[in-house]
>>> print(open('target35.pdb').read())   # PDB, C-alpha atoms
MODEL        1
ATOM      1  CA  MET Q  58     180.570 278.503 -47.034
ATOM      2  CA  LEU Q  59     179.291 274.987 -46.729
ATOM      3  CA  ARG Q  60     182.307 273.643 -48.599
ATOM      4  CA  PHE Q  61     184.621 275.341 -46.119
ATOM      5  CA  ILE Q  62     182.804 273.932 -43.103
ATOM      6  CA  SER Q  63     182.923 270.291 -44.471
ATOM      7  CA  SER Q  64     186.622 270.572 -45.251
ATOM      8  CA  THR Q  65     187.337 271.766 -41.765
ATOM      9  CA  VAL Q  66     185.438 268.854 -40.164
ATOM     10  CA  LEU Q  67     187.237 266.291 -42.338
ATOM     11  CA  ILE Q  68     190.683 267.665 -41.454
ATOM     12  CA  ARG Q  69     189.880 267.654 -37.749
ATOM     13  CA  ALA Q  70     188.649 264.010 -37.902
ATOM     14  CA  CYS Q  71     191.835 262.927 -39.589
ATOM     15  CA  LEU Q  72     193.962 264.618 -36.945
ATOM     16  CA  THR Q  73     192.037 263.131 -33.957
ATOM     17  CA  LEU Q  74     191.703 259.478 -35.191
ATOM     18  CA  PRO Q  75     195.312 258.258 -34.451
ATOM     19  CA  LEU Q  76     195.230 259.743 -31.031
ATOM     20  CA  ALA Q  77     192.072 257.842 -30.084
ATOM     21  CA  ALA Q  78     193.228 254.480 -31.541
ATOM     22  CA  GLU Q  79     196.699 254.458 -29.941
ATOM     23  CA  PRO Q  80     195.637 253.486 -26.389
ATOM     24  CA  LEU Q  81     193.440 250.577 -27.737
ATOM     25  CA  ALA Q  82     196.261 249.072 -29.808
ATOM     26  CA  ALA Q  83     198.609 249.256 -26.868
ATOM     27  CA  GLN Q  84     196.208 247.226 -24.704
ATOM     28  CA  THR Q  85     195.287 244.368 -27.135
ATOM     29  CA  ILE Q  86     198.547 243.474 -28.979
ATOM     30  CA  MET Q  87     200.841 241.028 -26.988
ATOM     31  CA  PRO Q  88     204.572 241.479 -27.206
ATOM     32  CA  PRO Q  89     206.468 238.657 -29.112
ATOM     33  CA  VAL Q  90     207.808 235.646 -27.114
ATOM     34  CA  VAL Q  91     211.580 235.520 -26.948
ATOM     35  CA  LEU Q  92     213.060 231.955 -26.659
ATOM     36  CA  PRO Q  93     216.202 231.432 -24.561
ATOM     37  CA  PRO Q  94     219.497 230.706 -26.254
ATOM     38  CA  PRO Q  95     220.235 227.036 -27.205
ATOM     39  CA  ASN Q  96     222.867 226.625 -24.454
ATOM     40  CA  THR Q  97     220.448 227.696 -21.737
ATOM     41  CA  SER Q  98     218.727 224.828 -19.812
ATOM     42  CA  LEU Q  99     215.089 225.097 -19.101
ATOM     43  CA  ILE Q 100     213.977 225.062 -15.492
ATOM     44  CA  VAL Q 101     211.323 222.352 -15.002
ATOM     45  CA  PRO Q 102     209.214 222.845 -11.947
ATOM     46  CA  GLU Q 103     209.447 220.044  -9.395
ATOM     47  CA  LEU Q 104     206.370 217.847  -9.014
ATOM     48  CA  PRO Q 105     205.203 216.697  -5.608
ATOM     49  CA  ALA Q 106     206.433 213.200  -4.596
ATOM     50  CA  LEU Q 107     203.927 210.346  -4.949
ATOM     51  CA  PRO Q 108     203.330 207.979  -2.030
ATOM     52  CA  ALA Q 109     205.330 204.681  -2.206
ATOM     53  CA  ILE Q 110     203.432 201.541  -3.327
ATOM     54  CA  PRO Q 111     204.061 198.547  -1.027
ATOM     55  CA  SER Q 112     205.686 195.586  -2.881
ATOM     56  CA  LEU Q 113     204.576 191.948  -2.519
ATOM     57  CA  PRO Q 114     206.879 189.607  -0.617
ATOM     58  CA  THR Q 115     209.079 187.339  -2.827
ATOM     59  CA  PRO Q 116     208.478 183.571  -2.191
ATOM     60  CA  ALA Q 117     211.456 181.593  -0.959
ATOM     61  CA  THR Q 118     210.946 178.814  -3.561
ATOM     62  CA  SER Q 119     208.799 178.704  -6.664
ATOM     63  CA  SER Q 120     206.153 175.962  -6.705
ATOM     64  CA  VAL Q 121     205.795 176.050 -10.490
ATOM     65  CA  PRO Q 122     208.568 174.087 -12.242
ATOM     66  CA  PRO Q 123     210.116 175.608 -15.347
ATOM     67  CA  PHE Q 124     208.645 174.438 -18.647
ATOM     68  CA  VAL Q 125     210.872 172.016 -20.500
ATOM     69  CA  PRO Q 126     209.811 171.191 -24.061
ATOM     70  CA  PRO Q 127     209.532 167.422 -24.670
ATOM     71  CA  VAL Q 128     212.057 165.730 -26.933
ATOM     72  CA  LEU Q 129     210.396 163.462 -29.464
ATOM     73  CA  PRO Q 130     212.381 160.274 -30.178
ATOM     74  CA  ALA Q 131     213.293 159.358 -33.735
ATOM     75  CA  GLU Q 132     211.955 155.841 -33.247
ATOM     76  CA  MET Q 133     209.484 154.172 -30.944
ATOM     77  CA  PRO Q 134     211.323 153.379 -27.667
ATOM     78  CA  THR Q 135     211.594 149.820 -26.488
ATOM     79  CA  PRO Q 136     209.158 149.056 -23.658
ATOM     80  CA  THR Q 137     210.904 149.052 -20.308
ATOM     81  CA  ALA Q 138     209.857 148.572 -16.740
ATOM     82  CA  ALA Q 139     208.251 151.500 -14.930
ATOM     83  CA  THR Q 140     210.396 153.577 -12.583
ATOM     84  CA  THR Q 141     209.422 152.989  -8.936
ATOM     85  CA  LEU Q 142     209.893 155.879  -6.524
ATOM     86  CA  ASP Q 143     208.797 154.050  -3.397
ATOM     87  CA  GLU Q 144     206.517 151.242  -2.322
ATOM     88  CA  SER Q 145     203.365 153.367  -2.572
ATOM     89  CA  SER Q 146     203.882 155.266  -5.839
ATOM     90  CA  THR Q 147     204.870 154.207  -9.335
ATOM     91  CA  VAL Q 148     205.613 156.513 -12.239
ATOM     92  CA  ILE Q 149     204.635 155.161 -15.666
ATOM     93  CA  THR Q 150     206.931 156.599 -18.301
ATOM     94  CA  ALA Q 151     206.218 156.893 -22.019
ATOM     95  CA  ALA Q 152     208.834 154.240 -22.745
ATOM     96  CA  SER Q 153     206.955 151.711 -20.611
ATOM     97  CA  VAL Q 154     203.874 151.818 -22.833
ATOM     98  CA  SER Q 155     204.044 149.720 -25.987
ATOM     99  CA  MET Q 156     202.293 151.083 -29.049
ATOM    100  CA  ILE Q 157     202.444 147.717 -30.861
ATOM    101  CA  PRO Q 158     198.960 146.197 -31.178
ATOM    102  CA  LEU Q 159     198.473 142.970 -29.281
ATOM    103  CA  PRO Q 160     198.061 139.834 -31.408
ATOM    104  CA  LYS Q 161     194.847 137.872 -31.446
ATOM    105  CA  TRP Q 162     194.458 134.586 -29.583
ATOM    106  CA  TYR Q 163     194.542 132.588 -32.814
ATOM    107  CA  ASN Q 164     198.012 133.937 -33.757
ATOM    108  CA  LEU Q 165     201.138 132.027 -32.747
ATOM    109  CA  ALA Q 166     202.654 135.266 -31.406
ATOM    110  CA  TYR Q 167     199.891 135.430 -28.787
ATOM    111  CA  TRP Q 168     201.117 132.165 -27.185
ATOM    112  CA  PHE Q 169     204.826 132.109 -28.015
ATOM    113  CA  GLY Q 170     205.833 135.769 -28.322
ATOM    114  CA  PRO Q 171     206.687 138.026 -31.284
ATOM    115  CA  THR Q 172     209.645 135.993 -32.536
ATOM    116  CA  PRO Q 173     208.880 135.010 -36.143
ATOM    117  CA  TRP Q 174     208.230 131.429 -37.224
ATOM    118  CA  ASP Q 175     209.829 129.732 -40.214
ATOM    119  CA  ILE Q 176     207.043 127.764 -41.905
ATOM    120  CA  GLY Q 177     207.291 125.956 -45.220
ATOM    121  CA  PHE Q 178     205.405 123.377 -47.266
ATOM    122  CA  GLU Q 179     207.122 121.073 -49.767
ATOM    123  CA  LEU Q 180     205.860 119.071 -52.726
ATOM    124  CA  GLY Q 181     207.510 116.757 -55.240
ATOM    125  CA  ILE Q 182     205.869 114.626 -57.960
ATOM    126  CA  ASN Q 183     207.403 112.250 -60.506
ATOM    127  CA  GLY Q 184     205.371 110.030 -62.840
ATOM    128  CA  ALA Q 185     205.399 107.997 -66.029
ATOM    129  CA  GLU Q 186     202.632 106.835 -68.389
ATOM    130  CA  GLY Q 187     202.967 104.267 -71.190
ATOM    131  CA  ILE Q 188     203.693 100.565 -71.175
ATOM    132  CA  ASN Q 189     204.428 100.955 -67.491
ATOM    133  CA  GLN Q 190     202.812 103.402 -65.146
ATOM    134  CA  ALA Q 191     204.667 104.924 -62.218
ATOM    135  CA  LEU Q 192     203.931 107.701 -59.787
ATOM    136  CA  SER Q 193     206.203 109.002 -57.050
ATOM    137  CA  PHE Q 194     204.709 111.500 -54.664
ATOM    138  CA  ARG Q 195     206.265 113.305 -51.677
ATOM    139  CA  THR Q 196     204.899 116.089 -49.540
ATOM    140  CA  GLY Q 197     205.537 117.527 -46.110
ATOM    141  CA  GLY Q 198     206.643 120.658 -44.362
ATOM    142  CA  HIS Q 199     208.687 122.206 -41.588
ATOM    143  CA  LEU Q 200     208.049 124.477 -38.632
ATOM    144  CA  LYS Q 201     211.002 126.223 -36.963
ATOM    145  CA  ARG Q 202     211.496 128.915 -34.379
ATOM    146  CA  GLU Q 203     214.512 130.132 -32.382
ATOM    147  CA  THR Q 204     214.456 132.526 -29.416
ATOM    148  CA  GLU Q 205     216.965 133.578 -26.793
ATOM    149  CA  PHE Q 206     216.452 130.421 -24.712
ATOM    150  CA  TRP Q 207     214.605 127.951 -26.959
ATOM    151  CA  LYS Q 208     215.005 126.344 -30.370
ATOM    152  CA  PHE Q 209     212.114 124.463 -31.953
ATOM    153  CA  ASP Q 210     212.524 122.395 -35.124
ATOM    154  CA  THR Q 211     209.990 119.939 -36.536
ATOM    155  CA  THR Q 212     209.676 118.307 -39.963
ATOM    156  CA  LEU Q 213     207.095 116.018 -41.551
ATOM    157  CA  VAL Q 214     207.744 113.878 -44.648
ATOM    158  CA  TYR Q 215     205.228 111.683 -46.459
ATOM    159  CA  ASN Q 216     206.151 109.355 -49.354
ATOM    160  CA  LYS Q 217     203.895 107.314 -51.625
ATOM    161  CA  ASN Q 218     204.933 105.415 -54.754
ATOM    162  CA  THR Q 219     202.927 103.260 -57.162
ATOM    163  CA  ALA Q 220     203.996 101.165 -60.169
ATOM    164  CA  ASN Q 221     201.372  99.804 -62.581
ATOM    165  CA  ASP Q 222     198.669 100.630 -60.044
ATOM    166  CA  VAL Q 223     200.510  98.625 -57.378
ATOM    167  CA  GLU Q 224     201.567 100.491 -54.260
ATOM    168  CA  THR Q 225     205.273 100.095 -53.568
ATOM    169  CA  GLN Q 226     205.823 102.662 -50.841
ATOM    170  CA  ASN Q 227     203.679 104.406 -48.248
ATOM    171  CA  ASN Q 228     205.319 105.939 -45.159
ATOM    172  CA  ALA Q 229     205.510 109.099 -43.084
ATOM    173  CA  LEU Q 230     208.191 110.354 -40.698
ATOM    174  CA  LEU Q 231     207.636 113.018 -38.019
ATOM    175  CA  ASP Q 232     210.712 114.548 -36.366
ATOM    176  CA  VAL Q 233     210.315 116.978 -33.427
ATOM    177  CA  ARG Q 234     213.350 118.589 -31.731
ATOM    178  CA  ILE Q 235     213.293 121.045 -28.821
ATOM    179  CA  ASP Q 236     216.516 122.577 -27.472
ATOM    180  CA  ARG Q 237     216.828 124.556 -24.234
ATOM    181  CA  LYS Q 238     219.777 126.964 -24.400
ATOM    182  CA  LEU Q 239     221.832 127.566 -21.254
ATOM    183  CA  GLY Q 240     222.734 131.232 -21.649
ATOM    184  CA  GLU Q 241     226.149 131.875 -23.185
ATOM    185  CA  SER Q 242     227.279 128.306 -22.521
ATOM    186  CA  PRO Q 243     227.780 126.001 -25.541
ATOM    187  CA  TRP Q 244     225.857 123.302 -23.658
ATOM    188  CA  SER Q 245     222.127 122.823 -24.050
ATOM    189  CA  LEU Q 246     219.370 120.382 -23.160
ATOM    190  CA  PHE Q 247     217.243 118.707 -25.802
ATOM    191  CA  PHE Q 248     214.210 116.519 -26.379
ATOM    192  CA  LEU Q 249     213.775 114.412 -29.523
ATOM    193  CA  ASN Q 250     210.641 112.629 -30.700
ATOM    194  CA  GLN Q 251     210.483 110.545 -33.894
ATOM    195  CA  GLU Q 252     207.393 108.733 -35.129
ATOM    196  CA  LEU Q 253     207.503 106.491 -38.207
ATOM    197  CA  TYR Q 254     204.500 105.065 -40.049
ATOM    198  CA  ASP Q 255     205.282 102.486 -42.749
ATOM    199  CA  GLU Q 256     202.900 100.050 -44.410
ATOM    200  CA  PHE Q 257     205.786  97.942 -45.719
ATOM    201  CA  GLN Q 258     207.351  97.223 -42.335
ATOM    202  CA  ALA Q 259     206.510  94.472 -39.863
ATOM    203  CA  TYR Q 260     204.928  97.070 -37.540
ATOM    204  CA  ASP Q 261     202.346  99.785 -38.059
ATOM    205  CA  ILE Q 262     204.034 102.662 -36.230
ATOM    206  CA  ARG Q 263     207.218 103.136 -34.225
ATOM    207  CA  VAL Q 264     207.533 105.769 -31.512
ATOM    208  CA  SER Q 265     210.936 106.938 -30.258
ATOM    209  CA  MET Q 266     211.552 109.462 -27.463
ATOM    210  CA  ASN Q 267     214.964 110.638 -26.278
ATOM    211  CA  SER Q 268     216.463 113.441 -24.210
ATOM    212  CA  GLY Q 269     219.942 114.497 -23.173
ATOM    213  CA  ALA Q 270     222.584 117.192 -23.586
ATOM    214  CA  GLY Q 271     223.891 118.961 -26.639
ATOM    215  CA  TYR Q 272     227.166 120.799 -27.285
ATOM    216  CA  GLN Q 273     227.595 123.618 -29.807
ATOM    217  CA  PHE Q 274     230.929 123.015 -31.547
ATOM    218  CA  ILE Q 275     230.533 125.817 -34.109
ATOM    219  CA  ASP Q 276     228.133 128.737 -33.897
ATOM    220  CA  THR Q 277     228.721 131.460 -36.495
ATOM    221  CA  GLU Q 278     226.540 133.526 -38.778
ATOM    222  CA  HIS Q 279     226.861 131.051 -41.647
ATOM    223  CA  LEU Q 280     227.868 127.758 -39.990
ATOM    224  CA  ASP Q 281     226.210 125.811 -37.189
ATOM    225  CA  LEU Q 282     227.397 122.439 -35.847
ATOM    226  CA  ILE Q 283     225.955 120.777 -32.747
ATOM    227  CA  GLY Q 284     226.454 117.312 -31.273
ATOM    228  CA  ARG Q 285     224.029 115.439 -29.026
ATOM    229  CA  PHE Q 286     224.204 112.604 -26.536
ATOM    230  CA  GLY Q 287     221.264 111.193 -24.655
ATOM    231  CA  SER Q 288     219.090 108.239 -23.840
ATOM    232  CA  GLY Q 289     215.533 107.117 -24.377
ATOM    233  CA  ALA Q 290     213.305 104.298 -25.568
ATOM    234  CA  SER Q 291     211.401 103.173 -28.648
ATOM    235  CA  HIS Q 292     208.415 100.899 -29.212
ATOM    236  CA  GLU Q 293     207.031  99.228 -32.349
ATOM    237  CA  PHE Q 294     203.239  99.016 -32.247
ATOM    238  CA  GLY Q 295     201.457  96.367 -34.302
ATOM    239  CA  GLY Q 296     204.554  94.236 -34.869
ATOM    240  CA  PRO Q 297     206.072  91.001 -33.572
ATOM    241  CA  ASP Q 298     208.598  92.784 -31.327
ATOM    242  CA  ASP Q 299     206.156  94.151 -28.756
ATOM    243  CA  ARG Q 300     208.567  95.628 -26.200
ATOM    244  CA  TRP Q 301     210.163  98.886 -25.155
ATOM    245  CA  ALA Q 302     213.760  99.005 -26.379
ATOM    246  CA  TYR Q 303     215.986 101.255 -24.220
ATOM    247  CA  GLU Q 304     218.429 103.051 -26.472
ATOM    248  CA  ALA Q 305     221.308 105.486 -26.373
ATOM    249  CA  LEU Q 306     221.481 108.432 -28.757
ATOM    250  CA  PHE Q 307     224.487 109.874 -30.576
ATOM    251  CA  GLY Q 308     223.527 112.629 -32.957
ATOM    252  CA  MET Q 309     224.926 115.416 -35.089
ATOM    253  CA  GLU Q 310     223.221 118.393 -36.770
ATOM    254  CA  TYR Q 311     224.951 120.529 -39.397
ATOM    255  CA  ASP Q 312     223.729 123.714 -41.131
ATOM    256  CA  HIS Q 313     225.852 125.710 -43.560
ATOM    257  CA  GLU Q 314     224.790 128.812 -45.485
ATOM    258  CA  LEU Q 315     226.901 128.678 -48.641
ATOM    259  CA  SER Q 316     225.558 131.993 -49.963
ATOM    260  CA  LYS Q 317     222.512 134.210 -49.659
ATOM    261  CA  THR Q 318     220.564 131.762 -51.834
ATOM    262  CA  GLN Q 319     222.045 128.324 -51.017
ATOM    263  CA  ARG Q 320     222.051 126.246 -47.831
ATOM    264  CA  ILE Q 321     223.129 122.717 -46.909
ATOM    265  CA  SER Q 322     221.750 120.825 -43.905
ATOM    266  CA  ALA Q 323     222.409 117.362 -42.507
ATOM    267  CA  LYS Q 324     221.069 115.366 -39.546
ATOM    268  CA  VAL Q 325     222.408 111.991 -38.400
ATOM    269  CA  ASP Q 326     220.956 110.129 -35.393
ATOM    270  CA  TYR Q 327     222.391 106.793 -34.199
ATOM    271  CA  PHE Q 328     220.251 104.736 -31.768
ATOM    272  CA  PRO Q 329     222.040 101.645 -30.331
ATOM    273  CA  GLU Q 330     220.312  99.549 -27.691
ATOM    274  CA  TRP Q 331     221.926  99.648 -24.257
ATOM    275  CA  GLU Q 332     221.754  95.832 -23.877
ATOM    276  CA  ASP Q 333     223.374  95.110 -27.233
ATOM    277  CA  PHE Q 334     225.042  97.738 -29.445
ATOM    278  CA  ASP Q 335     224.692  95.373 -32.436
ATOM    279  CA  LEU Q 336     220.986  96.204 -32.386
ATOM    280  CA  TYR Q 337     220.714  99.769 -33.624
ATOM    281  CA  ARG Q 338     218.954 102.215 -35.903
ATOM    282  CA  VAL Q 339     220.340 105.079 -38.001
ATOM    283  CA  VAL Q 340     218.309 107.947 -39.473
ATOM    284  CA  THR Q 341     220.049 110.314 -41.923
ATOM    285  CA  ASP Q 342     218.523 113.403 -43.535
ATOM    286  CA  ILE Q 343     220.546 115.517 -46.011
ATOM    287  CA  GLY Q 344     219.218 118.496 -47.968
ATOM    288  CA  TRP Q 345     220.453 121.175 -50.358
ATOM    289  CA  GLU Q 346     218.144 124.170 -50.729
ATOM    290  CA  ILE Q 347     218.327 126.901 -53.402
ATOM    291  CA  ASP Q 348     216.185 130.038 -53.277
ATOM    292  CA  LEU Q 349     214.343 131.077 -56.432
ATOM    293  CA  ASP Q 350     214.229 134.636 -57.734
ATOM    294  CA  ARG Q 351     210.519 134.634 -58.531
ATOM    295  CA  PRO Q 352     208.483 134.276 -56.485
ATOM    296  CA  GLY Q 353     210.665 135.254 -53.555
ATOM    297  CA  ASN Q 354     209.129 132.785 -51.094
ATOM    298  CA  MET Q 355     209.818 129.694 -53.234
ATOM    299  CA  SER Q 356     212.893 127.473 -53.160
ATOM    300  CA  LEU Q 357     214.150 124.273 -54.731
ATOM    301  CA  LYS Q 358     215.391 121.439 -52.531
ATOM    302  CA  PHE Q 359     217.314 118.226 -53.228
ATOM    303  CA  SER Q 360     216.690 115.757 -50.408
ATOM    304  CA  VAL Q 361     217.974 112.328 -49.403
ATOM    305  CA  ILE Q 362     216.578 110.413 -46.389
ATOM    306  CA  ASP Q 363     218.061 107.075 -45.382
ATOM    307  CA  ARG Q 364     216.646 104.845 -42.627
ATOM    308  CA  TYR Q 365     218.475 101.709 -41.470
ATOM    309  CA  ASP Q 366     217.205  99.147 -38.931
ATOM    310  CA  SER Q 367     219.334  96.171 -37.916
ATOM    311  CA  THR Q 368     216.177  94.277 -36.796
ATOM    312  CA  PRO Q 369     213.807  94.559 -39.797
ATOM    313  CA  ASN Q 370     211.836  91.369 -38.938
ATOM    314  CA  GLY Q 371     211.741  90.179 -42.538
ATOM    315  CA  ALA Q 372     211.620  93.571 -44.286
ATOM    316  CA  ASP Q 373     214.424  95.375 -46.066
ATOM    317  CA  PRO Q 374     216.744  96.830 -43.379
ATOM    318  CA  ASN Q 375     217.733  99.843 -45.492
ATOM    319  CA  GLU Q 376     215.355 102.289 -47.171
ATOM    320  CA  ILE Q 377     216.494 105.357 -49.149
ATOM    321  CA  ASN Q 378     214.277 108.135 -50.441
ATOM    322  CA  TYR Q 379     215.688 110.843 -52.709
ATOM    323  CA  SER Q 380     213.620 113.562 -54.321
ATOM    324  CA  VAL Q 381     213.541 117.050 -55.815
ATOM    325  CA  LEU Q 382     211.061 119.308 -54.041
ATOM    326  CA  LEU Q 383     209.529 122.724 -54.421
ATOM    327  CA  ILE Q 384     209.206 124.534 -51.062
ATOM    328  CA  TRP Q 385     206.702 127.300 -50.427
ATOM    329  CA  GLY Q 386     207.619 129.424 -47.406
ATOM    330  CA  ILE Q 387     205.123 131.538 -45.463
TER     331      ILE Q 387
ENDMDL
END
>>> encode(input="target35.pdb", output="structure tokens")
Amino acid sequence: MLRFISSTVLIRACLTLPLAAEPLAAQTIMPPVVLPPPNTSLIVPELPALPAIPSLPTPATSSVPPFVPPVLPAEMPTPTAATTLDESSTVITAASVSMIPLPKWYNLAYWFGPTPWDIGFELGINGAEGINQALSFRTGGHLKRETEFWKFDTTLVYNKNTANDVETQNNALLDVRIDRKLGESPWSLFFLNQELYDEFQAYDIRVSMNSGAGYQFIDTEHLDLIGRFGSGASHEFGGPDDRWAYEALFGMEYDHELSKTQRISAKVDYFPEWEDFDLYRVVTDIGWEIDLDRPGNMSLKFSVIDRYDSTPNGADPNEINYSVLLIWGI
């Protein structure tokens, strides 16, 4: 009996359970979402329009200039004058500022500009020892400089000879020449000063000063020929002829560069007196210079200097000095 009742309850529970669960499943399970076909466009809802933002006014002209990158030069520019906009403002450009350090006051460039100077010292010695003793000594130097408008050339020569401890020669000659160029013209103005000291002349020292005009006959890279004509005066101090002699001047200067290592130079100056052309002086200076390979600033020079005076006052009118010199250039 009990088994029958339990079987009946179990069958009834099984029959009533689907009927009670069906309404709950229908309320909680969502139907599947069906996407539209690919060729169907989706409808996007329209958003409300935003209020317009007021824009700033555009300036008529821009006050800020465009950036331009600077161009660096390959080399340092040559200093030039500053560009002047008006009388009250001046613009200093980069080219107007020199980056070269200024020379000191004790340098020649401080007083005469950056143009280089040609400076050299010369020395020549010849001697003999034995039954007879002899010593021939010559020294001196030169100082030269040429710019756009000026040419400066000065030389100093000193000679001293002894034989058996007896002095046979002792003299010095200073020659200073200054030329003022006249632009592109072959003409120029010059000043010449010669001072001679000689212990074997009737005077102690002779001073000669002349000026005039020069003409450039040849002016090339390797050949230079100039002629001079002028006037001046000379005076012999410490001698019997104590007067100022007024003289004319006819001169010639020749420079020829034979090669990169050889040069020939010659100077001839003829000084006749205006009152009597039979009274005259002639000074001739000829040199042949050869550069040495080592050291590079040394050269060998063959030199001949001849001085003639038609009024020697008892001394030899003609005196010739020839020598072989070693020149040290700085």
>>> closest_residue(input="target35.pdb", among="Q:Gly284, Q:Asn216, Q:Ala372, Q:Gln251", to="Asp236 (chain Q)", atoms="only C-alpha atoms")
Q:Gly284
>>> closest_residue(input="target35.pdb", among="Q:Asp342, Q:Glu330, Q:Glu186, Q:Asp276", to="Ala220 (chain Q)", atoms="all atoms listed in the file")
Q:Glu186
>>> atom_distance(input="target35.pdb", atom1="CA of Glu252 (chain Q)", atom2="CA of Thr204 (chain Q)")
25.5 Å
>>> residues_around(input="target35.pdb", residues="region 264-268 of chain Q", least_positions_apart="6", cutoff="6 Å", atoms="all atoms listed in the file", output="list in words")
Phe247, Phe248, Leu249, Asn250, Gln251, Glu252, Gly287, Ser288, Gly289, Ala290, Ser291 and His292 of chain Q
>>> atom_distance(input="target35.pdb", atom1="CA of Gly353 (chain Q)", atom2="CA of Gly386 (chain Q)")
9.0 Å
>>> resolve_selection(input="target35.pdb", expression="the PyMOL selection byres ((chain Q and resi 200) around 10)", output="PyMOL selection string")
chain Q and resi 174-178+198-199+201-202+209-213+233
>>> axis_aligned_box(input="target35.pdb", around="region 247-263 of chain Q", padding_each_side="6 Å", output="lines of an AutoDock Vina configuration file")
center_x = 209.8
center_y = 106.6
center_z = -35.8
size_x = 26.9
size_y = 36.2
size_z = 31.9
>>> atom_distance(input="target35.pdb", atom1="CA of Tyr254 (chain Q)", atom2="CA of Gln190 (chain Q)")
25.2 Å
>>> residues_around(input="target35.pdb", residues="Ile362 (chain Q)", least_positions_apart="6", cutoff="8 Å", atoms="all atoms listed in the file", output="PyMOL selection string")
chain Q and resi 340-343+377-379
>>> write_last_selection(input="target35.pdb", atoms="C-alpha atoms", output="tab-separated table (two decimals), in the frame of the given file")
chain	number	residue	atom	x	y	z
Q	340	VAL	CA	218.31	107.95	-39.47
Q	341	THR	CA	220.05	110.31	-41.92
Q	342	ASP	CA	218.52	113.40	-43.54
Q	343	ILE	CA	220.55	115.52	-46.01
Q	377	ILE	CA	216.49	105.36	-49.15
Q	378	ASN	CA	214.28	108.14	-50.44
Q	379	TYR	CA	215.69	110.84	-52.71
>>> resolve_selection(input="target35.pdb", expression="the PyMOL selection byres ((chain Q and resi 327) around 7)", output="list in words")
Leu306, Phe307, Gly308, Val325, Asp326, Phe328, Pro329, Arg338, Val339 and Val340 of chain Q
>>> resolve_selection(input="target35.pdb", expression="the PyMOL selection byres ((chain Q and resi 320) around 10)", output="count of residues only")
18
>>> closest_residue(input="target35.pdb", among="Q:Gly269, Q:Gly240, Q:Gly296, Q:Gly187", to="Asn221 (chain Q)", atoms="all atoms listed in the file")
Q:Gly187
>>> residues_around(input="target35.pdb", residues="Tyr215 (chain Q)", least_positions_apart="6", cutoff="6 Å", atoms="all atoms listed in the file", output="list in words")
Arg195, Thr196, Gly197, Asn228 and Ala229 of chain Q
>>> closest_residue(input="target35.pdb", among="Q:Ile188, Q:Asp350, Q:Gln258, Q:Trp162", to="Pro374 (chain Q)", atoms="only C-alpha atoms")
Q:Gln258
>>> residues_around(input="target35.pdb", residues="Phe194 (chain Q)", least_positions_apart="6", cutoff="10 Å", atoms="all atoms listed in the file", output="mmCIF file with C-alpha atoms, in the frame of the given file")
data_model
loop_
_atom_site.group_PDB
_atom_site.id
_atom_site.type_symbol
_atom_site.label_atom_id
_atom_site.label_comp_id
_atom_site.auth_asym_id
_atom_site.auth_seq_id
_atom_site.Cartn_x
_atom_site.Cartn_y
_atom_site.Cartn_z
ATOM 1 C CA LEU Q 180 205.860 119.071 -52.726
ATOM 2 C CA GLY Q 181 207.510 116.757 -55.240
ATOM 3 C CA ILE Q 182 205.869 114.626 -57.960
ATOM 4 C CA ASN Q 183 207.403 112.250 -60.506
ATOM 5 C CA GLY Q 184 205.371 110.030 -62.840
ATOM 6 C CA TYR Q 215 205.228 111.683 -46.459
ATOM 7 C CA ASN Q 216 206.151 109.355 -49.354
ATOM 8 C CA LYS Q 217 203.895 107.314 -51.625
ATOM 9 C CA ASN Q 218 204.933 105.415 -54.754
ATOM 10 C CA THR Q 219 202.927 103.260 -57.162
ATOM 11 C CA GLN Q 226 205.823 102.662 -50.841
ATOM 12 C CA ASN Q 227 203.679 104.406 -48.248
ATOM 13 C CA SER Q 380 213.620 113.562 -54.321
#
